[in-house]
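Note: the block below is entry-v3.txt and it holds compact mmCIF, C-alpha atoms.
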# COMPACT_ATOMS: atom_id res chain seq x y z
CA PRO A 1 -20.62 9.76 -13.62
CA ILE A 2 -19.81 6.22 -14.60
CA TYR A 3 -17.77 4.31 -11.99
CA ASN A 4 -17.96 7.38 -9.71
CA LEU A 5 -15.23 8.94 -11.87
CA LYS A 6 -15.19 12.27 -13.60
CA PRO A 7 -15.05 12.02 -17.41
CA LYS A 8 -11.41 13.18 -17.44
CA GLU A 9 -10.46 10.59 -14.79
CA PHE A 10 -12.33 7.85 -16.66
CA ALA A 11 -10.63 8.75 -19.96
CA GLY A 12 -7.20 9.07 -18.39
CA LEU A 13 -7.44 5.81 -16.46
CA THR A 14 -8.77 3.96 -19.50
CA LYS A 15 -5.95 5.32 -21.65
CA TRP A 16 -3.35 4.43 -19.01
CA PHE A 17 -4.82 0.93 -18.60
CA ASN A 18 -4.80 0.33 -22.36
CA GLU A 19 -1.18 1.44 -22.59
CA GLN A 20 -0.06 -0.71 -19.66
CA SER A 21 -2.19 -3.82 -20.01
CA PHE A 22 -1.36 -7.00 -21.86
CA ASN A 23 -4.24 -8.62 -23.76
CA GLY A 24 -6.70 -6.43 -21.88
CA LYS A 25 -5.42 -7.26 -18.39
CA LEU A 26 -3.00 -5.91 -15.84
CA THR A 27 -0.87 -8.95 -15.12
CA LYS A 28 1.66 -9.48 -12.36
CA LEU A 29 4.32 -7.97 -14.60
CA GLN A 30 2.36 -4.73 -15.10
CA LEU A 31 1.44 -4.51 -11.40
CA LYS A 32 5.08 -5.03 -10.47
CA SER A 33 6.07 -2.22 -12.83
CA VAL A 34 3.53 0.20 -11.35
CA LEU A 35 4.41 -0.65 -7.75
CA SER A 36 8.12 -0.41 -8.57
CA SER A 37 7.53 3.20 -9.60
CA TYR A 38 6.58 3.76 -5.94
CA GLY A 39 9.79 2.09 -4.78
CA LEU A 40 8.00 -1.13 -3.80
CA THR A 41 9.22 -4.62 -4.57
CA PRO A 42 6.39 -7.09 -4.02
CA THR A 43 7.04 -10.77 -4.60
CA TYR A 44 5.20 -12.62 -7.36
CA GLU A 45 3.22 -14.38 -4.64
CA GLU A 46 2.11 -11.01 -3.22
CA LEU A 47 1.22 -9.79 -6.70
CA GLN A 48 -0.88 -12.91 -7.28
CA GLN A 49 -2.62 -12.35 -3.94
CA MET A 50 -3.48 -8.80 -5.02
CA ILE A 51 -4.95 -10.05 -8.28
CA ASP A 52 -6.85 -12.88 -6.60
CA ALA A 53 -8.29 -10.47 -4.03
CA VAL A 54 -10.12 -8.45 -6.69
CA SER A 55 -10.49 -10.57 -9.79
CA VAL A 56 -12.23 -13.84 -10.55
CA ASP A 57 -9.67 -14.37 -13.32
CA SER A 58 -6.32 -15.19 -11.72
CA SER A 59 -4.42 -14.14 -14.84
CA GLY A 60 -4.92 -10.42 -14.24
CA ILE A 61 -7.18 -7.45 -13.63
CA ASP A 62 -9.45 -6.41 -16.48
CA LEU A 63 -10.46 -2.84 -17.32
CA GLN A 64 -13.87 -3.08 -15.65
CA THR A 65 -12.35 -4.30 -12.37
CA PHE A 66 -9.58 -1.71 -12.56
CA LEU A 67 -12.01 1.17 -13.10
CA GLY A 68 -14.21 -0.14 -10.29
CA LEU A 69 -11.23 -0.15 -7.94
CA CYS A 70 -10.14 3.31 -9.01
CA SER A 71 -13.62 4.70 -8.42
CA VAL A 72 -13.76 3.52 -4.81
CA LYS A 73 -12.40 6.68 -3.31
CA SER A 74 -13.86 6.51 0.17
CA PRO A 75 -11.97 3.46 1.48
CA VAL A 76 -8.73 4.92 0.25
CA HIS A 77 -9.45 8.31 1.80
CA ASP A 78 -6.53 9.70 3.76
CA HIS A 79 -4.74 6.91 5.57
CA GLN A 80 -2.15 9.38 6.85
CA LYS A 81 -4.25 10.30 9.90
CA GLU A 82 -5.00 6.67 10.69
CA ILE A 83 -1.32 5.76 10.41
CA GLN A 84 -0.38 8.69 12.67
CA ASP A 85 -2.97 7.51 15.19
CA ALA A 86 -1.43 4.03 15.05
CA PHE A 87 2.00 5.56 15.63
CA ARG A 88 0.74 7.18 18.83
CA ILE A 89 -0.27 3.73 20.09
CA PHE A 90 3.27 2.45 19.46
CA ASP A 91 4.81 5.58 20.99
CA GLN A 92 3.83 4.75 24.57
CA ASP A 93 5.89 7.45 26.29
CA GLY A 94 4.76 10.19 23.87
CA SER A 95 8.34 11.08 22.96
CA GLY A 96 7.62 11.27 19.24
CA ALA A 97 9.76 8.21 18.54
CA VAL A 98 9.40 4.45 19.00
CA ASP A 99 12.33 2.46 20.36
CA ALA A 100 12.89 -1.30 20.26
CA LYS A 101 11.24 -1.80 23.66
CA GLU A 102 8.05 0.01 22.61
CA LEU A 103 8.01 -1.82 19.28
CA ARG A 104 8.35 -5.21 21.03
CA TYR A 105 5.58 -4.33 23.49
CA ALA A 106 3.20 -3.25 20.70
CA MET A 107 3.93 -6.33 18.60
CA ASN A 108 3.41 -8.62 21.60
CA ARG A 109 0.09 -6.91 22.38
CA MET A 110 -1.00 -7.71 18.81
CA GLY A 111 -0.01 -11.36 19.29
CA ASN A 112 3.12 -11.15 17.16
CA TYR A 113 5.55 -12.77 19.59
CA ASN A 114 8.03 -14.14 17.04
CA VAL A 115 8.77 -10.92 15.17
CA ASP A 116 12.43 -10.02 14.71
CA ILE A 117 12.26 -6.58 16.32
CA HIS A 118 15.78 -5.58 15.29
CA ASN A 119 15.05 -6.45 11.66
CA MET A 120 11.75 -4.57 11.81
CA LEU A 121 13.44 -1.58 13.45
CA GLY A 122 16.13 -1.70 10.76
CA GLU A 123 13.50 -1.59 8.00
CA MET A 124 11.66 1.36 9.50
CA ASP A 125 14.56 3.38 10.93
CA THR A 126 15.80 4.99 7.73
CA ASN A 127 18.09 7.52 9.43
CA LYS A 128 19.65 4.74 11.59
CA ASP A 129 19.37 6.57 14.92
CA GLY A 130 17.87 3.53 16.67
CA LEU A 131 14.41 5.12 16.84
CA ILE A 132 11.39 5.16 14.56
CA SER A 133 10.06 8.67 14.05
CA CYS A 134 6.45 9.32 13.10
CA GLU A 135 7.62 10.21 9.59
CA GLU A 136 9.57 6.95 9.24
CA PHE A 137 6.64 4.95 10.62
CA CYS A 138 4.18 6.62 8.24
CA SER A 139 6.45 6.11 5.24
CA PHE A 140 6.92 2.42 6.07
CA MET A 141 3.22 1.80 6.70
CA GLU A 142 2.19 3.62 3.53
CA LYS A 143 4.49 1.38 1.49
CA LYS A 144 3.08 -1.71 3.18
CA LEU A 145 -0.44 -0.47 2.57
CA LEU A 146 0.29 0.00 -1.12
CA THR A 147 1.93 -3.39 -1.38
CA TYR A 148 -0.79 -5.37 0.31
CA SER A 149 -3.91 -3.54 -0.80
CA ILE A 150 -4.86 -3.47 -4.44
CA CYS A 151 -7.57 -1.02 -3.43
CA CYS A 152 -4.80 1.54 -3.61
CA ALA A 153 -5.27 1.32 -7.34
CA TYR A 154 -6.77 4.77 -6.96
CA SER A 155 -3.14 5.89 -6.70
CA PHE A 156 -2.77 4.88 -10.33
CA SER A 157 -4.90 7.85 -11.25
CA ARG A 158 -2.13 10.13 -9.98
CA ILE A 159 0.21 8.63 -12.56
CA ILE A 160 -1.86 9.92 -15.43
CA SER A 161 -3.27 13.15 -13.98
As a first step, turn the structure in this file into structure tokens.
Amino acid sequence: PIYNLKPKEFAGLTKWFNEQSFNGKLTKLQLKSVLSSYGLTPTYEELQQMIDAVSVDSSGIDLQTFLGLCSVKSPVHDHQKEIQDAFRIFDQDGSGAVDAKELRYAMNRMGNYNVDIHNMLGEMDTNKDGLISCEEFCSFMEKKLLTYSICCAYSFSRIIS
């Protein structure tokens, strides 16, 4: 199959792209719209970085590039297991939750000494119990992964399937 896509996927993605694109490109505005449907709010600078990461034309992503990204299924396999494995590294005592002390330790080990731990904890701790559960961690990391990796364009295919 062309672009490692099944004919139905190819047709659906092409149709979706044509409906969403402007002058044959997904611009920052269209990317923002798609990511917003996932509850994400990337800045225009982040959107430009996504475009620049995959396209030689800084004005947007053309159909060929989009289909190429959508056909790369292996790198976008199931990040859930990898994120859960990362959570276990943060969860040093194995309690199933990460507190501020564990978060600070993990961030320091990664060389991030100037991170506002309380702000980070506030972003991740959606139930406001002062701890980050595996579910909260995974949800936060998945959103960050979508925001910062245009390779998650494969997710677009779920919009039209």
Rounded to one decimal in Å, what is the spacing between atom CA of A:Lys15 and atom CA of A:Cys70?
13.5 Å
For stretch 22-29 of chain A: contacts at 12 Å, only C-alpha atoms, fewer than 5 positions along chain excluded, given as a compact mmCIF listing (two decimals) with C-alpha atoms, in the coordinates of the input:
# COMPACT_ATOMS: atom_id res chain seq x y z
CA THR A 14 -8.77 3.96 -19.50
CA LYS A 15 -5.95 5.32 -21.65
CA TRP A 16 -3.35 4.43 -19.01
CA PHE A 17 -4.82 0.93 -18.60
CA VAL A 34 3.53 0.20 -11.35
CA LEU A 35 4.41 -0.65 -7.75
CA SER A 36 8.12 -0.41 -8.57
CA THR A 41 9.22 -4.62 -4.57
CA PRO A 42 6.39 -7.09 -4.02
CA THR A 43 7.04 -10.77 -4.60
CA TYR A 44 5.20 -12.62 -7.36
CA GLU A 45 3.22 -14.38 -4.64
CA GLU A 46 2.11 -11.01 -3.22
CA LEU A 47 1.22 -9.79 -6.70
CA GLN A 48 -0.88 -12.91 -7.28
CA GLN A 49 -2.62 -12.35 -3.94
CA MET A 50 -3.48 -8.80 -5.02
CA ILE A 51 -4.95 -10.05 -8.28
CA ASP A 52 -6.85 -12.88 -6.60
CA VAL A 54 -10.12 -8.45 -6.69
CA SER A 55 -10.49 -10.57 -9.79
CA ASP A 57 -9.67 -14.37 -13.32
CA SER A 58 -6.32 -15.19 -11.72
CA SER A 59 -4.42 -14.14 -14.84
CA GLY A 60 -4.92 -10.42 -14.24
CA ILE A 61 -7.18 -7.45 -13.63
CA ASP A 62 -9.45 -6.41 -16.48
CA LEU A 63 -10.46 -2.84 -17.32
CA GLN A 64 -13.87 -3.08 -15.65
CA THR A 65 -12.35 -4.30 -12.37
CA PHE A 66 -9.58 -1.71 -12.56
CA LEU A 67 -12.01 1.17 -13.10
CA ILE A 150 -4.86 -3.47 -4.44
CA ALA A 153 -5.27 1.32 -7.34
Would you list the contacts of A:Asp129 as a list in words, taking every protein, DNA or RNA residue within 12 Å and counting all atoms listed in the file, but skipping same-chain residues closer than 3 positions in sequence?
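Listing them by chain and then by number gives Ala97, Val98, Asp99, Ala100, Leu121, Gly122, Met124, Asp125, Thr126, Ile132, Ser133 and Glu136 of chain A.
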Quick one: distance from atom CA of A:Cys138 to atom CA of A:Gly94 in Å, one decimal?
16.0 Å
Restricting the calculation to only C-alpha atoms, which member of A:Cys134, A:Met107, A:Asn112, A:Val56 is positioned closest to A:Asp85?
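Smallest distance to A:Asp85 is found for A:Cys134.
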Just give me the gap between atom CA of A:Lys32 and atom CA of A:Leu13 in Å, one decimal is fine.
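Between atom CA of A:Lys32 and atom CA of A:Leu13 the gap is 17.6 Å.
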